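Below: coords-v7.json (JSON, C-alpha atoms and all ligand atoms)
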```json
[["chain", "number", "residue", "atom", "x", "y", "z"],
["A", 1, "MET", "CA", 50.34, 48.19, -32.93],
["A", 2, "ARG", "CA", 49.05, 51.75, -32.95],
["A", 3, "GLN", "CA", 46.15, 53.80, -34.29],
["A", 4, "SER", "CA", 46.67, 54.69, -37.94],
["A", 5, "THR", "CA", 47.23, 58.29, -39.03],
["A", 6, "GLU", "CA", 46.53, 59.94, -42.37],
["A", 7, "ALA", "CA", 50.26, 59.69, -43.09],
["A", 8, "ASP", "CA", 49.88, 55.87, -43.17],
["A", 9, "VAL", "CA", 47.37, 56.00, -46.07],
["A", 10, "PRO", "CA", 49.94, 55.47, -48.90],
["A", 11, "ALA", "CA", 51.39, 52.41, -47.14],
["A", 12, "MET", "CA", 47.90, 50.99, -46.50],
["A", 13, "LEU", "CA", 46.95, 51.61, -50.14],
["A", 14, "GLU", "CA", 50.02, 49.73, -51.33],
["A", 15, "ILE", "CA", 49.19, 46.74, -49.11],
["A", 16, "TYR", "CA", 45.54, 46.73, -50.16],
["A", 17, "GLY", "CA", 46.35, 47.28, -53.85],
["A", 18, "TYR", "CA", 48.60, 44.22, -53.88],
["A", 19, "HIS", "CA", 45.96, 42.01, -52.27],
["A", 20, "ILE", "CA", 43.24, 43.25, -54.64],
["A", 21, "GLN", "CA", 45.33, 42.01, -57.55],
["A", 22, "HIS", "CA", 46.67, 38.80, -56.03],
["A", 23, "GLY", "CA", 44.53, 37.56, -53.19],
["A", 24, "LEU", "CA", 41.15, 36.37, -52.07],
["A", 25, "GLY", "CA", 40.99, 38.83, -49.17],
["A", 26, "PRO", "CA", 39.58, 42.10, -50.51],
["A", 27, "PHE", "CA", 36.05, 42.33, -51.90],
["A", 28, "ASP", "CA", 37.05, 45.40, -53.91],
["A", 29, "ILE", "CA", 38.13, 44.61, -57.46],
["A", 30, "GLU", "CA", 39.62, 47.93, -58.62],
["A", 31, "PRO", "CA", 42.44, 49.74, -56.76],
["A", 32, "LEU", "CA", 41.13, 52.27, -54.25],
["A", 33, "HIS", "CA", 41.64, 56.00, -54.72],
["A", 34, "PRO", "CA", 43.65, 57.51, -51.82],
["A", 35, "GLU", "CA", 40.77, 59.87, -51.01],
["A", 36, "GLU", "CA", 38.40, 56.90, -50.67],
["A", 37, "LEU", "CA", 40.68, 55.18, -48.16],
["A", 38, "LYS", "CA", 41.05, 58.49, -46.26],
["A", 39, "ARG", "CA", 37.27, 58.83, -46.23],
["A", 40, "ARG", "CA", 36.73, 55.28, -44.97],
["A", 41, "ARG", "CA", 39.35, 55.78, -42.25],
["A", 42, "LYS", "CA", 37.82, 59.04, -41.06],
["A", 43, "ALA", "CA", 34.32, 57.51, -41.04],
["A", 44, "MET", "CA", 35.49, 54.71, -38.70],
["A", 45, "LEU", "CA", 37.33, 57.10, -36.39],
["A", 46, "LYS", "CA", 34.22, 59.32, -36.22],
["A", 47, "ARG", "CA", 32.32, 56.28, -34.94],
["A", 48, "ARG", "CA", 35.14, 55.76, -32.41],
["A", 49, "LEU", "CA", 36.04, 52.41, -33.93],
["A", 50, "PRO", "CA", 39.69, 51.26, -34.03],
["A", 51, "HIS", "CA", 41.81, 51.61, -37.17],
["A", 52, "LEU", "CA", 45.22, 50.08, -36.41],
["A", 53, "VAL", "CA", 48.55, 49.66, -38.15],
["A", 54, "ALA", "CA", 51.43, 47.30, -37.37],
["A", 55, "ASP", "CA", 54.35, 49.72, -37.32],
["A", 56, "LEU", "CA", 57.73, 47.96, -37.37],
["A", 57, "GLY", "CA", 60.13, 50.83, -36.75],
["A", 58, "GLY", "CA", 58.46, 53.00, -39.38],
["A", 59, "ALA", "CA", 57.61, 50.22, -41.86],
["A", 60, "ILE", "CA", 53.86, 49.56, -42.06],
["A", 61, "ALA", "CA", 53.60, 45.75, -42.05],
["A", 62, "GLY", "CA", 49.81, 45.59, -41.98],
["A", 63, "TYR", "CA", 46.59, 47.23, -40.90],
["A", 64, "ALA", "CA", 43.22, 46.27, -39.48],
["A", 65, "TYR", "CA", 40.03, 48.14, -38.72],
["A", 66, "ALA", "CA", 36.46, 47.65, -37.57],
["A", 67, "ALA", "CA", 33.35, 49.02, -39.26],
["A", 68, "PRO", "CA", 29.64, 48.72, -38.42],
["A", 69, "PHE", "CA", 28.39, 45.22, -39.33],
["A", 70, "ARG", "CA", 25.25, 46.71, -40.87],
["A", 71, "LYS", "CA", 23.92, 50.26, -41.02],
["A", 72, "ARG", "CA", 20.61, 49.82, -39.21],
["A", 73, "PRO", "CA", 20.84, 50.96, -35.56],
["A", 74, "ALA", "CA", 19.88, 47.66, -33.91],
["A", 75, "TYR", "CA", 23.25, 46.33, -35.12],
["A", 76, "ARG", "CA", 25.19, 49.10, -33.35],
["A", 77, "TYR", "CA", 27.05, 46.77, -30.96],
["A", 78, "THR", "CA", 28.29, 44.50, -33.75],
["A", 79, "VAL", "CA", 31.28, 45.23, -35.97],
["A", 80, "GLU", "CA", 32.75, 43.66, -39.07],
["A", 81, "HIS", "CA", 36.49, 43.98, -39.51],
["A", 82, "SER", "CA", 39.15, 43.81, -42.19],
["A", 83, "ILE", "CA", 42.81, 42.88, -41.88],
["A", 84, "TYR", "CA", 45.65, 43.01, -44.40],
["A", 85, "VAL", "CA", 49.33, 42.17, -43.94],
["A", 86, "HIS", "CA", 52.04, 43.34, -46.36],
["A", 87, "LYS", "CA", 53.12, 40.52, -48.69],
["A", 88, "ASP", "CA", 56.70, 40.65, -47.35],
["A", 89, "PHE", "CA", 55.52, 40.20, -43.75],
["A", 90, "GLN", "CA", 52.94, 37.43, -44.13],
["A", 91, "GLY", "CA", 53.26, 34.31, -42.00],
["A", 92, "LEU", "CA", 55.34, 36.03, -39.31],
["A", 93, "GLY", "CA", 52.67, 36.50, -36.66],
["A", 94, "ILE", "CA", 51.79, 40.10, -37.60],
["A", 95, "GLY", "CA", 48.19, 39.22, -38.50],
["A", 96, "ARG", "CA", 47.72, 37.48, -35.19],
["A", 97, "GLN", "CA", 49.09, 40.47, -33.26],
["A", 98, "LEU", "CA", 46.98, 42.92, -35.25],
["A", 99, "LEU", "CA", 43.77, 40.91, -34.86],
["A", 100, "SER", "CA", 44.34, 40.41, -31.12],
["A", 101, "ALA", "CA", 44.89, 44.16, -30.72],
["A", 102, "LEU", "CA", 41.75, 44.86, -32.77],
["A", 103, "VAL", "CA", 39.68, 42.47, -30.64],
["A", 104, "ASP", "CA", 40.90, 44.26, -27.49],
["A", 105, "ALA", "CA", 40.23, 47.73, -28.95],
["A", 106, "CYS", "CA", 36.73, 46.76, -30.08],
["A", 107, "THR", "CA", 35.98, 45.35, -26.62],
["A", 108, "VAL", "CA", 37.12, 48.62, -25.00],
["A", 109, "ALA", "CA", 34.96, 50.53, -27.51],
["A", 110, "GLY", "CA", 31.89, 48.67, -26.15],
["A", 111, "CYS", "CA", 31.31, 46.35, -29.10],
["A", 112, "ARG", "CA", 29.76, 42.99, -28.18],
["A", 113, "GLN", "CA", 30.12, 40.87, -31.33],
["A", 114, "MET", "CA", 32.75, 40.86, -34.06],
["A", 115, "ILE", "CA", 32.16, 39.38, -37.52],
["A", 116, "ALA", "CA", 34.62, 38.40, -40.25],
["A", 117, "VAL", "CA", 33.52, 37.62, -43.79],
["A", 118, "VAL", "CA", 36.20, 35.43, -45.38],
["A", 119, "ASP", "CA", 36.46, 33.75, -48.78],
["A", 120, "SER", "CA", 36.07, 30.00, -48.19],
["A", 121, "ALA", "CA", 39.32, 29.38, -50.12],
["A", 122, "ASN", "CA", 41.32, 31.83, -47.96],
["A", 123, "ALA", "CA", 42.96, 29.25, -45.67],
["A", 124, "PRO", "CA", 45.41, 31.67, -43.96],
["A", 125, "SER", "CA", 42.59, 34.02, -42.96],
["A", 126, "LEU", "CA", 40.32, 31.19, -41.75],
["A", 127, "ARG", "CA", 43.22, 29.82, -39.68],
["A", 128, "LEU", "CA", 44.09, 33.27, -38.31],
["A", 129, "HIS", "CA", 40.53, 33.92, -37.20],
["A", 130, "GLU", "CA", 40.08, 30.53, -35.59],
["A", 131, "SER", "CA", 43.34, 30.96, -33.72],
["A", 132, "CYS", "CA", 42.00, 34.30, -32.37],
["A", 133, "GLY", "CA", 38.80, 32.74, -31.02],
["A", 134, "PHE", "CA", 36.42, 33.20, -33.97],
["A", 135, "GLU", "CA", 33.99, 30.40, -34.77],
["A", 136, "GLN", "CA", 32.39, 29.66, -38.12],
["A", 137, "ALA", "CA", 28.77, 30.78, -38.12],
["A", 138, "GLY", "CA", 27.72, 29.93, -41.67],
["A", 139, "VAL", "CA", 28.59, 29.91, -45.34],
["A", 140, "LEU", "CA", 26.95, 31.97, -48.07],
["A", 141, "ARG", "CA", 27.31, 30.14, -51.37],
["A", 142, "SER", "CA", 28.41, 31.87, -54.60],
["A", 143, "VAL", "CA", 27.82, 35.42, -53.35],
["A", 144, "GLY", "CA", 31.05, 36.81, -54.84],
["A", 145, "PHE", "CA", 32.58, 36.79, -58.30],
["A", 146, "LYS", "CA", 36.37, 37.23, -58.51],
["A", 147, "PHE", "CA", 39.11, 36.06, -60.84],
["A", 148, "GLY", "CA", 36.54, 34.45, -63.14],
["A", 149, "ARG", "CA", 34.80, 32.27, -60.57],
["A", 150, "TRP", "CA", 31.95, 32.36, -58.05],
["A", 151, "THR", "CA", 33.12, 32.56, -54.45],
["A", 152, "ASP", "CA", 31.62, 31.41, -51.15],
["A", 153, "SER", "CA", 31.86, 33.63, -48.06],
["A", 154, "VAL", "CA", 32.36, 32.17, -44.60],
["A", 155, "PHE", "CA", 30.97, 34.16, -41.68],
["A", 156, "LEU", "CA", 33.05, 33.91, -38.50],
["A", 157, "GLN", "CA", 31.92, 35.37, -35.19],
["A", 158, "ARG", "CA", 33.56, 36.19, -31.87],
["A", 159, "ALA", "CA", 31.82, 37.42, -28.72],
["A", 160, "LEU", "CA", 33.45, 40.41, -26.97],
["A", 161, "GLY", "CA", 33.50, 41.33, -23.28],
["A", 162, "PRO", "CA", 30.19, 40.53, -21.56],
["A", 163, "ALA", "CA", 28.69, 39.87, -25.02],
["A", 164, "ASP", "CA", 24.97, 39.08, -24.63],
["A", 165, "GLY", "CA", 25.35, 38.37, -20.89],
["A", 166, "ALA", "CA", 24.53, 41.98, -19.99],
["A", 167, "LEU", "CA", 22.70, 44.92, -21.54],
["A", 168, "PRO", "CA", 24.91, 47.61, -23.08],
["A", 169, "ASP", "CA", 25.97, 50.41, -20.68],
["A", 170, "ASP", "CA", 24.31, 53.04, -22.83],
["A", 171, "HIS", "CA", 21.17, 50.98, -23.57],
["A", 172, "ARG", "CA", 18.49, 53.34, -24.85],
["A", 173, "GLY", "CA", 15.70, 50.95, -25.68],
["A", 174, "GLY", "CA", 16.36, 50.81, -29.43],
["A", 175, "THR", "CA", 13.12, 52.38, -30.67],
["A", 176, "VAL", "CA", 12.24, 51.03, -34.11],
["A", 177, "GLN", "CA", 11.65, 53.74, -36.71],
["A", 178, "ALA", "CA", 8.92, 53.39, -39.33],
["A", 179, "GLY", "CA", 10.45, 52.09, -42.55],
["A", 180, "ASP", "CA", 13.20, 50.06, -40.83],
["A", 201, "LIG", "C1", 45.30, 36.49, -43.69],
["A", 201, "LIG", "C2", 46.44, 37.34, -43.13],
["A", 201, "LIG", "C3", 45.87, 38.65, -42.55],
["A", 201, "LIG", "C4", 47.13, 36.54, -42.02],
["A", 201, "LIG", "O1", 48.17, 37.34, -41.46],
["A", 201, "LIG", "P1", 49.62, 36.72, -41.24],
["A", 201, "LIG", "O2", 50.46, 37.74, -40.55],
["A", 201, "LIG", "O3", 50.12, 36.23, -42.55],
["A", 201, "LIG", "O4", 49.29, 35.48, -40.28],
["A", 201, "LIG", "P2", 50.07, 35.03, -38.98],
["A", 201, "LIG", "O5", 51.51, 34.83, -39.32],
["A", 201, "LIG", "O6", 49.77, 35.96, -37.85],
["A", 201, "LIG", "O7", 49.41, 33.61, -38.72],
["A", 201, "LIG", "C5", 48.14, 33.50, -38.10],
["A", 201, "LIG", "C6", 47.67, 32.06, -38.16],
["A", 201, "LIG", "O8", 47.38, 31.72, -39.52],
["A", 201, "LIG", "C7", 48.19, 30.62, -39.91],
["A", 201, "LIG", "N1", 48.65, 30.85, -41.28],
["A", 201, "LIG", "C8", 49.36, 31.90, -41.74],
["A", 201, "LIG", "N2", 49.60, 31.75, -43.06],
["A", 201, "LIG", "C9", 49.02, 30.56, -43.41],
["A", 201, "LIG", "C10", 48.91, 29.87, -44.64],
["A", 201, "LIG", "N3", 49.47, 30.32, -45.77],
["A", 201, "LIG", "N4", 48.22, 28.72, -44.65],
["A", 201, "LIG", "C11", 47.64, 28.23, -43.52],
["A", 201, "LIG", "N5", 47.72, 28.86, -42.31],
["A", 201, "LIG", "C12", 48.40, 30.00, -42.28],
["A", 201, "LIG", "C13", 49.37, 30.62, -38.97],
["A", 201, "LIG", "O9", 49.93, 29.33, -38.83],
["A", 201, "LIG", "C14", 48.73, 31.09, -37.69],
["A", 201, "LIG", "O10", 48.03, 30.01, -37.08],
["A", 201, "LIG", "P3", 48.35, 29.60, -35.56],
["A", 201, "LIG", "O11", 48.02, 30.82, -34.74],
["A", 201, "LIG", "O12", 47.45, 28.45, -35.32],
["A", 201, "LIG", "O13", 49.81, 29.27, -35.56],
["A", 201, "LIG", "C15", 47.49, 37.69, -44.23],
["A", 201, "LIG", "O14", 48.02, 36.50, -44.75],
["A", 201, "LIG", "C16", 46.96, 38.55, -45.35],
["A", 201, "LIG", "O15", 47.04, 39.78, -45.28],
["A", 201, "LIG", "N6", 46.42, 37.90, -46.40],
["A", 201, "LIG", "C17", 45.93, 38.62, -47.58],
["A", 201, "LIG", "C18", 44.75, 39.53, -47.27],
["A", 201, "LIG", "C19", 43.63, 38.76, -46.62],
["A", 201, "LIG", "O16", 43.28, 37.67, -47.06],
["A", 201, "LIG", "N7", 43.07, 39.37, -45.56],
["A", 201, "LIG", "C20", 41.98, 38.76, -44.82],
["A", 201, "LIG", "C21", 40.69, 39.14, -45.44],
["A", 201, "LIG", "S1", 39.34, 38.27, -44.64]]
```

Would it be possible to restate this file's structure as structure tokens?
Ligand SMILES: CC(C)(COP(=O)(O)OP(=O)(O)OC[C@H]1O[C@@H](n2cnc3c(N)ncnc32)[C@H](O)[C@@H]1OP(=O)(O)O)[C@@H](O)C(=O)NCCC(=O)NCCS
Amino acid sequence: MRQSTEADVPAMLEIYGYHIQHGLGPFDIEPLHPEELKRRRKAMLKRRLPHLVADLGGAIAGYAYAAPFRKRPAYRYTVEHSIYVHKDFQGLGIGRQLLSALVDACTVAGCRQMIAVVDSANAPSLRLHESCGFEQAGVLRSVGFKFGRWTDSVFLQRALGPADGALPDDHRGGTVQAGD
């Protein structure tokens, strides 16, 4: 596992494009433009959040990254992540390795909670997350519409590092702005 580079973008697009068409994983419906994936990647790196690829001797077998859970600043220690494994490498343990590496990298980055939002019919992803220590925190009914049907989203949560057992190292009081 290593940090992604811009040179990995075409491989990541191919993986994501396949899953948009065939799977329950992505919440995008149309293929992404390369510039959009580059922009998303740069935005995460700017926030010092991990963006990882599984590099098997030059072949990109999957990728995973963390993004802010929600934009408002009080959520700044909580991330939501995404993970995609190339169709030819699924079921071989790559997802597990990637997610474990992402959990470790998010912990080092000072995040305290990690959230996955998974389609309730996506058994491999639910299993993967539970095997990496995530617990189901709730189900939102019929919030998505894909492949001609309404979809439920399962929220899964995992505490990181000291979690809520200690204040963040850079705690600044979290002043609430008018309009928040
Ligand atoms: C979900 C996904 C990331 C899992 O990665 P993977 O490399 O295929 O999974 P792994 O081989 O590491 O297996 C991880 C766990 O899931 C289980 N699993 C894998 N495929 C499974 C399947 N088809 N059905 C049930 N469980 C499955 C494995 O048994 C393993 O469980 P264990 O640790 O208890 O043995 C991958 O299948 C994928 O990219 N799917 C399409 C995109 C997607 O849905 N992404 C997630 C969006 S939330």

task: Fewer than 4 positions away in the same chain doesn't count, so skip those; otherwise give me all residues within 7 Å of Glu80 (chain A), counting all atoms listed in the file, as a list of chain:residue names.
output: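 Non-adjacent residues within range: A:Ala66, A:Ala67, A:Pro68, A:Phe69, A:Met114, A:Ile115, A:Ala116.
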
message: Counting all atoms listed in the file, which residue out of A:Glu135, A:Asp8, A:Asp104, A:Glu14 sits closest to Ala54 (chain A)?
response: A:Asp8

Given 8 Å and only C-alpha atoms and all ligand atoms, residues near ligand LIG 201 (chain A) as a PDB file with C-alpha atoms, keeping the file's coordinate frame:
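As a result, pocket-v5.pdb now contains:
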```
ATOM      1  CA  TYR A  16      45.540  46.730 -50.160  1.00  0.00           C
ATOM      2  CA  HIS A  19      45.960  42.010 -52.270  1.00  0.00           C
ATOM      3  CA  GLY A  23      44.530  37.560 -53.190  1.00  0.00           C
ATOM      4  CA  LEU A  24      41.150  36.370 -52.070  1.00  0.00           C
ATOM      5  CA  GLY A  25      40.990  38.830 -49.170  1.00  0.00           C
ATOM      6  CA  PRO A  26      39.580  42.100 -50.510  1.00  0.00           C
ATOM      7  CA  GLY A  62      49.810  45.590 -41.980  1.00  0.00           C
ATOM      8  CA  SER A  82      39.150  43.810 -42.190  1.00  0.00           C
ATOM      9  CA  ILE A  83      42.810  42.880 -41.880  1.00  0.00           C
ATOM     10  CA  TYR A  84      45.650  43.010 -44.400  1.00  0.00           C
ATOM     11  CA  VAL A  85      49.330  42.170 -43.940  1.00  0.00           C
ATOM     12  CA  HIS A  86      52.040  43.340 -46.360  1.00  0.00           C
ATOM     13  CA  LYS A  87      53.120  40.520 -48.690  1.00  0.00           C
ATOM     14  CA  PHE A  89      55.520  40.200 -43.750  1.00  0.00           C
ATOM     15  CA  GLN A  90      52.940  37.430 -44.130  1.00  0.00           C
ATOM     16  CA  GLY A  91      53.260  34.310 -42.000  1.00  0.00           C
ATOM     17  CA  LEU A  92      55.340  36.030 -39.310  1.00  0.00           C
ATOM     18  CA  GLY A  93      52.670  36.500 -36.660  1.00  0.00           C
ATOM     19  CA  ILE A  94      51.790  40.100 -37.600  1.00  0.00           C
ATOM     20  CA  GLY A  95      48.190  39.220 -38.500  1.00  0.00           C
ATOM     21  CA  ARG A  96      47.720  37.480 -35.190  1.00  0.00           C
ATOM     22  CA  GLN A  97      49.090  40.470 -33.260  1.00  0.00           C
ATOM     23  CA  LEU A  98      46.980  42.920 -35.250  1.00  0.00           C
ATOM     24  CA  ALA A 116      34.620  38.400 -40.250  1.00  0.00           C
ATOM     25  CA  VAL A 117      33.520  37.620 -43.790  1.00  0.00           C
ATOM     26  CA  VAL A 118      36.200  35.430 -45.380  1.00  0.00           C
ATOM     27  CA  ASP A 119      36.460  33.750 -48.780  1.00  0.00           C
ATOM     28  CA  ASN A 122      41.320  31.830 -47.960  1.00  0.00           C
ATOM     29  CA  ALA A 123      42.960  29.250 -45.670  1.00  0.00           C
ATOM     30  CA  PRO A 124      45.410  31.670 -43.960  1.00  0.00           C
ATOM     31  CA  SER A 125      42.590  34.020 -42.960  1.00  0.00           C
ATOM     32  CA  LEU A 126      40.320  31.190 -41.750  1.00  0.00           C
ATOM     33  CA  ARG A 127      43.220  29.820 -39.680  1.00  0.00           C
ATOM     34  CA  LEU A 128      44.090  33.270 -38.310  1.00  0.00           C
ATOM     35  CA  HIS A 129      40.530  33.920 -37.200  1.00  0.00           C
ATOM     36  CA  GLU A 130      40.080  30.530 -35.590  1.00  0.00           C
ATOM     37  CA  SER A 131      43.340  30.960 -33.720  1.00  0.00           C
ATOM     38  CA  CYS A 132      42.000  34.300 -32.370  1.00  0.00           C
TER      39      CYS A 132
END
```

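Between CA of Ala109 (chain A) and CA of Asp169 (chain A) the separation is 11.3 Å.
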
- request: For CA of Arg141 (chain A) and CA of Leu156 (chain A), quote the distance in Å rounded to one decimal.
  value: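 CA of Leu156 (chain A) lies 14.6 Å from CA of Arg141 (chain A).
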
- prompt: Of the residues A:Arg41, A:Arg47, A:Gly144, A:Pro168, which is the one nearest to Ala74 (chain A), using only C-alpha atoms?
  reply: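 The shortest atom-to-atom distance to Ala74 (chain A) comes from A:Pro168.
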
Using only the atoms of region 147-158 of chain A listed in the file, plus 8 Å on each side, state the axis-aligned box centre and edge lengths in Å rounded to one decimal, as AutoDock Vina command-line options.
```
--center_x 35.0 --center_y 33.8 --center_z -47.5 --size_x 24.1 --size_y 20.8 --size_z 47.3
```

Who sits within 12 Å of Asp164 (chain A), all atoms listed in the file, same chain under 3 positions skipped, as a compact mmCIF listing (two decimals) with C-alpha atoms, in the coordinates of the input:
```txt
# COMPACT_ATOMS: atom_id res chain seq x y z
CA TYR A 77 27.05 46.77 -30.96
CA THR A 78 28.29 44.50 -33.75
CA GLY A 110 31.89 48.67 -26.15
CA CYS A 111 31.31 46.35 -29.10
CA ARG A 112 29.76 42.99 -28.18
CA GLN A 113 30.12 40.87 -31.33
CA ARG A 158 33.56 36.19 -31.87
CA ALA A 159 31.82 37.42 -28.72
CA LEU A 160 33.45 40.41 -26.97
CA GLY A 161 33.50 41.33 -23.28
CA LEU A 167 22.70 44.92 -21.54
CA PRO A 168 24.91 47.61 -23.08
```

field: Between CA of His51 (chain A) and CA of Phe145 (chain A) - distance in Å to one decimal
entry: 27.4 Å

Nearest candidate to Leu37 (chain A) (options A:Leu49, A:Cys106, A:Met12, A:Ala121; using all atoms listed in the file):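 When distances to Leu37 (chain A) are compared using all atoms listed in the file, the smallest one comes from A:Met12.
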
- request: Mind checking which residues fall within 7 Å of Asp152 (chain A), counting all atoms listed in the file, ignoring those fewer than 2 positions away in the same chain, and posting them as a ChimeraX atom specification?
  value: /A:119-120,139-144,150,154

message: I need the residue nearest Gly148 (chain A) from this list: A:Ala166, A:Ile60, A:Ile29, A:Leu99. Use all atoms listed in the file for the distance.
response: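 Answer, going by the shortest atom-to-atom distance: A:Ile29.
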